[in-house]
Amino acid sequence: MIQLKNINKYYEDGFQALKAINLTFEEGKVNVLIGPSGCGKTTTMKLLNRLTDFTDGQILIDEKNIQEINPIELRRQMGYVIQNIGLFPHMTISENVATVPKLLKWDKQKIKEKVDALLTMVNLDPDIYRNRYPSELSGGQQQRIGVIRALAAEPSTILMDEPFSALDPISREQLQDELTRLQKEINKTIIFVTHDMDEAIKIADQIILMKDGQVVQKGSPQELLTNPANEFVKEFIGEERLGNALPPLSEFIIKDFPRISMEQRTEEAIDLMATNQLVEIPVVDGKGEYKGIVNLYQALNNKKATLAELVDDSIEAITRKVDTNFLMKKFHESKLMIFPVQSEQGKLEGIVEREDLYRFLQQFYERKSGGSVWN
């Protein structure tokens, strides 16, 4: 975890670039710094690897003050991806990716295996691309190399300074998708600077919107879209995006939805589902913690089995912090009629019904297109 505590940044001419910045970048999250030109977003990011020093305040990485860390060592512990990629033209792709591992004196075989694994991770066949030079790659492919070069030394934190802004729209969208997919595998703390609100909404877990060296609002994309702090936030996000914002997931949770305890009999689960006309029912343990889902038809075909044998524990619950659009995607990818929602302590909080969510969306888009009003 990275914490910025009351950070101020003054230049020699007296200009104050940053004003009392207090931020937390949580581990394993994509944190997007955004705002108009000159707002301080890039300066804030560069403080983290000490490319720029702050005037006063404190920055902690895992509770350690970064001013106590050698700047060179600090930079080697962080991946860094910039807009113009910065690949070395006289080096092969393999040599470019291996730059930091070589500085860290990794074993040659370990470096080769790491390079090949990273190329594979971004869908570039090592046998084809390993010995090519940057000039032989497209802009999008070069930027992929820039990203995996930042990953090569296995840093916990990656800094990305408008990495996709110089690309054409199609390549840019592809790399945004690629980053979102990669993050699910690598689970890094990413600090990403952009001036593009659509990009921020698409990739961020946390958006930090800045103006004149100050944080104006921070929160999830959904929080900014549904609850902008002031007129500047509304204007920067744009009325069209605000009009497309769906309510938070908490508005769809059915807290009193029927549930069955793992200790109960299969016949009881069947009766409860039949009585309430349900196809699926969530299962909890004696403490109320979510354990999985039982399907009615599977239970009817296996009446002698216990609930422990029938429960599908591969269906992971979500929390109320999840974006509504994300849940829509989860429903689209599965045949589930309900999706369980659990508290941070693991207890079943309730469920969201596919039919309820889809009905709401139909009304939402009818309203946007001038059709029927809200029910």
# chains A, B, ... in the order shown; residues from 1 in each chain; ligands from 1
>>> closest_atom_pairs(of="range 40-153 of chain A", to="range 186-209 of chain A", cutoff="12 Å", atoms="only C-alpha atoms", output="Markdown table")
| residue | atom | partner | partner_atom | distance |
| --- | --- | --- | --- | --- |
| A:Gly40 | CA | A:Leu209 | CA | 10.1 |
| A:Lys41 | CA | A:Val193 | CA | 6.6 |
| A:Thr42 | CA | A:Val193 | CA | 6.5 |
| A:Thr43 | CA | A:Val193 | CA | 10.0 |
| A:Thr44 | CA | A:Val193 | CA | 9.5 |
| A:Met45 | CA | A:Ile191 | CA | 7.0 |
| A:Lys46 | CA | A:Ile191 | CA | 10.2 |
| A:Leu47 | CA | A:Ile191 | CA | 11.5 |
| A:Leu48 | CA | A:Ile191 | CA | 9.5 |
| A:Asn49 | CA | A:Ile191 | CA | 11.4 |
| A:Ile61 | CA | A:Thr189 | CA | 11.2 |
| A:Asp62 | CA | A:Thr189 | CA | 11.8 |
| A:Met78 | CA | A:Thr189 | CA | 9.8 |
| A:Gly79 | CA | A:Ile190 | CA | 9.2 |
| A:Tyr80 | CA | A:Ile191 | CA | 9.7 |
| A:Val81 | CA | A:Phe192 | CA | 9.3 |
| A:Ile82 | CA | A:Val193 | CA | 9.7 |
| A:Gln83 | CA | A:Val193 | CA | 10.0 |
| A:Leu118 | CA | A:Ile186 | CA | 10.8 |
| A:Met121 | CA | A:Ile186 | CA | 10.2 |
| A:Val147 | CA | A:Ile190 | CA | 11.5 |
| A:Ile148 | CA | A:Ile186 | CA | 10.9 |
| A:Ala150 | CA | A:Ile190 | CA | 11.1 |
| A:Leu151 | CA | A:Ile186 | CA | 8.9 |
| A:Ala152 | CA | A:Ile186 | CA | 11.4 |
>>> residues_around(residues="Asn325 in chain A", least_positions_apart="3", cutoff="12 Å", atoms="only C-alpha atoms", output="ChimeraX atom specification")
/A:201-202,221-222,244-249,321-322,328-332,357-358,361
>>> residues_around(residues="range 275-292 of chain A", least_positions_apart="5", cutoff="10 Å", atoms="only C-alpha atoms", output="PyMOL selection string")
chain A and resi 257-264+269-270+297-299+307-308+310-317+336-343+345-351
>>> closest_residue(among="A:Met273, A:Ser94, A:Leu60, A:Ile111", to="Ile128 in chain A", atoms="only C-alpha atoms")
A:Ser94
>>> select_by_dssp(residues="range 39-169 of chain A", states="helix (DSSP H, G or I)", output="JSON, numbers by chain")
{"A": [41, 42, 43, 44, 45, 46, 47, 48, 66, 67, 68, 71, 72, 73, 74, 75, 76, 93, 94, 95, 96, 97, 99, 100, 101, 102, 103, 108, 109, 110, 111, 112, 113, 114, 115, 116, 117, 118, 119, 120, 121, 126, 127, 128, 129, 134, 135, 136, 139, 140, 141, 142, 143, 144, 145, 146, 147, 148, 149, 150, 151, 169]}
>>> residues_around(residues="Phe15 in chain A", least_positions_apart="2", cutoff="12 Å", atoms="only C-alpha atoms", output="mmCIF file with N, CA and C atoms, in the first residue's frame")
data_model
loop_
_atom_site.group_PDB
_atom_site.id
_atom_site.type_symbol
_atom_site.label_atom_id
_atom_site.label_comp_id
_atom_site.auth_asym_id
_atom_site.auth_seq_id
_atom_site.Cartn_x
_atom_site.Cartn_y
_atom_site.Cartn_z
ATOM 1 N N ASN A 8 2.968 18.593 -0.146
ATOM 2 C CA ASN A 8 3.031 19.881 -0.836
ATOM 3 C C ASN A 8 4.262 19.897 -1.730
ATOM 4 N N LYS A 9 4.124 20.560 -2.863
ATOM 5 C CA LYS A 9 5.257 20.678 -3.790
ATOM 6 C C LYS A 9 5.355 22.124 -4.271
ATOM 7 N N TYR A 10 6.487 22.779 -3.915
ATOM 8 C CA TYR A 10 6.771 24.142 -4.371
ATOM 9 C C TYR A 10 7.972 24.113 -5.312
ATOM 10 N N TYR A 11 7.932 24.985 -6.325
ATOM 11 C CA TYR A 11 9.096 25.167 -7.185
ATOM 12 C C TYR A 11 9.868 26.411 -6.721
ATOM 13 N N GLU A 12 11.056 26.573 -7.240
ATOM 14 C CA GLU A 12 11.936 27.652 -6.785
ATOM 15 C C GLU A 12 11.319 29.027 -7.002
ATOM 16 N N ASP A 13 10.489 29.169 -8.026
ATOM 17 C CA ASP A 13 9.866 30.472 -8.287
ATOM 18 C C ASP A 13 8.657 30.736 -7.390
ATOM 19 N N ALA A 17 2.783 23.487 -6.907
ATOM 20 C CA ALA A 17 2.241 22.514 -7.856
ATOM 21 C C ALA A 17 1.276 21.535 -7.206
ATOM 22 N N LEU A 18 1.524 21.188 -5.934
ATOM 23 C CA LEU A 18 0.666 20.265 -5.204
ATOM 24 C C LEU A 18 0.315 20.867 -3.850
ATOM 25 N N LYS A 19 -0.951 20.699 -3.470
ATOM 26 C CA LYS A 19 -1.453 21.347 -2.250
ATOM 27 C C LYS A 19 -2.130 20.325 -1.346
ATOM 28 N N GLY A 38 -1.693 20.479 -16.344
ATOM 29 C CA GLY A 38 -1.149 21.302 -15.279
ATOM 30 C C GLY A 38 -1.797 21.110 -13.927
ATOM 31 N N GLY A 40 -1.365 18.597 -11.876
ATOM 32 C CA GLY A 40 -0.468 17.960 -10.911
ATOM 33 C C GLY A 40 -0.485 16.446 -10.924
ATOM 34 N N THR A 55 8.075 18.944 -1.342
ATOM 35 C CA THR A 55 8.624 19.944 -0.424
ATOM 36 C C THR A 55 8.418 19.534 1.021
ATOM 37 N N ASP A 212 -5.721 22.133 -10.276
ATOM 38 C CA ASP A 212 -4.872 23.141 -9.628
ATOM 39 C C ASP A 212 -4.092 22.585 -8.444
ATOM 40 N N GLY A 213 -3.544 21.382 -8.610
ATOM 41 C CA GLY A 213 -2.697 20.807 -7.576
ATOM 42 C C GLY A 213 -3.425 20.209 -6.395
#
>>> atom_distance(atom1="CA of Leu175 in chain A", atom2="CA of Ser135 in chain A")
19.0 Å
>>> residues_around(residues="Glu113 in chain A", least_positions_apart="3", cutoff="12 Å", atoms="only C-alpha atoms", output="mmCIF file with N, CA and C atoms, in the first residue's frame")
data_model
loop_
_atom_site.group_PDB
_atom_site.id
_atom_site.type_symbol
_atom_site.label_atom_id
_atom_site.label_comp_id
_atom_site.auth_asym_id
_atom_site.auth_seq_id
_atom_site.Cartn_x
_atom_site.Cartn_y
_atom_site.Cartn_z
ATOM 1 N N SER A 94 13.783 -9.204 -26.782
ATOM 2 C CA SER A 94 14.198 -9.957 -25.599
ATOM 3 C C SER A 94 15.130 -9.131 -24.722
ATOM 4 N N VAL A 97 13.176 -6.289 -22.890
ATOM 5 C CA VAL A 97 12.375 -6.766 -21.768
ATOM 6 C C VAL A 97 13.267 -7.142 -20.585
ATOM 7 N N ALA A 98 14.464 -7.640 -20.897
ATOM 8 C CA ALA A 98 15.354 -8.149 -19.847
ATOM 9 C C ALA A 98 16.228 -7.075 -19.205
ATOM 10 N N PRO A 101 15.997 -7.040 -15.159
ATOM 11 C CA PRO A 101 16.500 -8.308 -14.612
ATOM 12 C C PRO A 101 18.018 -8.479 -14.764
ATOM 13 N N TRP A 106 20.004 -11.373 -12.569
ATOM 14 C CA TRP A 106 19.275 -12.635 -12.616
ATOM 15 C C TRP A 106 20.055 -13.655 -13.441
ATOM 16 N N ASP A 107 19.816 -14.907 -13.166
ATOM 17 C CA ASP A 107 20.390 -16.002 -13.950
ATOM 18 C C ASP A 107 19.849 -15.933 -15.389
ATOM 19 N N LYS A 108 20.721 -16.236 -16.387
ATOM 20 C CA LYS A 108 20.337 -16.132 -17.801
ATOM 21 C C LYS A 108 19.129 -16.979 -18.153
ATOM 22 N N GLN A 109 19.061 -18.198 -17.633
ATOM 23 C CA GLN A 109 17.940 -19.070 -17.933
ATOM 24 C C GLN A 109 16.641 -18.519 -17.340
ATOM 25 N N LYS A 110 16.754 -17.962 -16.144
ATOM 26 C CA LYS A 110 15.573 -17.371 -15.506
ATOM 27 C C LYS A 110 15.073 -16.183 -16.324
ATOM 28 N N ASP A 116 10.014 -15.017 -22.194
ATOM 29 C CA ASP A 116 9.090 -15.828 -22.991
ATOM 30 C C ASP A 116 7.695 -15.866 -22.369
ATOM 31 N N ALA A 117 7.652 -15.970 -21.045
ATOM 32 C CA ALA A 117 6.357 -16.016 -20.354
ATOM 33 C C ALA A 117 5.613 -14.695 -20.523
ATOM 34 N N LEU A 118 6.330 -13.585 -20.451
ATOM 35 C CA LEU A 118 5.695 -12.278 -20.588
ATOM 36 C C LEU A 118 5.228 -12.034 -22.022
ATOM 37 N N LEU A 119 6.023 -12.427 -22.997
ATOM 38 C CA LEU A 119 5.597 -12.290 -24.392
ATOM 39 C C LEU A 119 4.322 -13.101 -24.640
ATOM 40 N N THR A 120 4.299 -14.299 -24.103
ATOM 41 C CA THR A 120 3.120 -15.148 -24.249
ATOM 42 C C THR A 120 1.907 -14.508 -23.582
ATOM 43 N N PRO A 126 6.826 -15.909 -28.553
ATOM 44 C CA PRO A 126 8.266 -15.689 -28.307
ATOM 45 C C PRO A 126 9.145 -16.104 -29.470
ATOM 46 N N ARG A 130 10.882 -12.691 -30.166
ATOM 47 C CA ARG A 130 12.003 -12.614 -29.231
ATOM 48 C C ARG A 130 13.212 -11.879 -29.818
ATOM 49 N N ALA A 152 8.871 -7.099 -15.920
ATOM 50 C CA ALA A 152 9.894 -8.144 -15.976
ATOM 51 C C ALA A 152 10.554 -8.442 -14.637
#
>>> decode(residues="range 42-53 of chain A", atoms="C-alpha atoms", output="mmCIF file, in the first residue's frame")
data_model
loop_
_atom_site.group_PDB
_atom_site.id
_atom_site.type_symbol
_atom_site.label_atom_id
_atom_site.label_comp_id
_atom_site.auth_asym_id
_atom_site.auth_seq_id
_atom_site.Cartn_x
_atom_site.Cartn_y
_atom_site.Cartn_z
ATOM 1 C CA THR A 42 2.037 13.535 -13.490
ATOM 2 C CA THR A 43 3.927 15.347 -10.729
ATOM 3 C CA THR A 44 2.067 13.255 -8.150
ATOM 4 C CA MET A 45 3.014 10.042 -9.921
ATOM 5 C CA LYS A 46 6.678 11.042 -10.285
ATOM 6 C CA LEU A 47 6.928 11.586 -6.541
ATOM 7 C CA LEU A 48 6.503 7.844 -6.047
ATOM 8 C CA ASN A 49 9.784 6.847 -7.721
ATOM 9 C CA ARG A 50 11.509 10.093 -6.720
ATOM 10 C CA LEU A 51 11.893 11.447 -10.225
ATOM 11 C CA THR A 52 10.510 14.534 -8.490
ATOM 12 C CA ASP A 53 10.839 15.345 -4.798
#
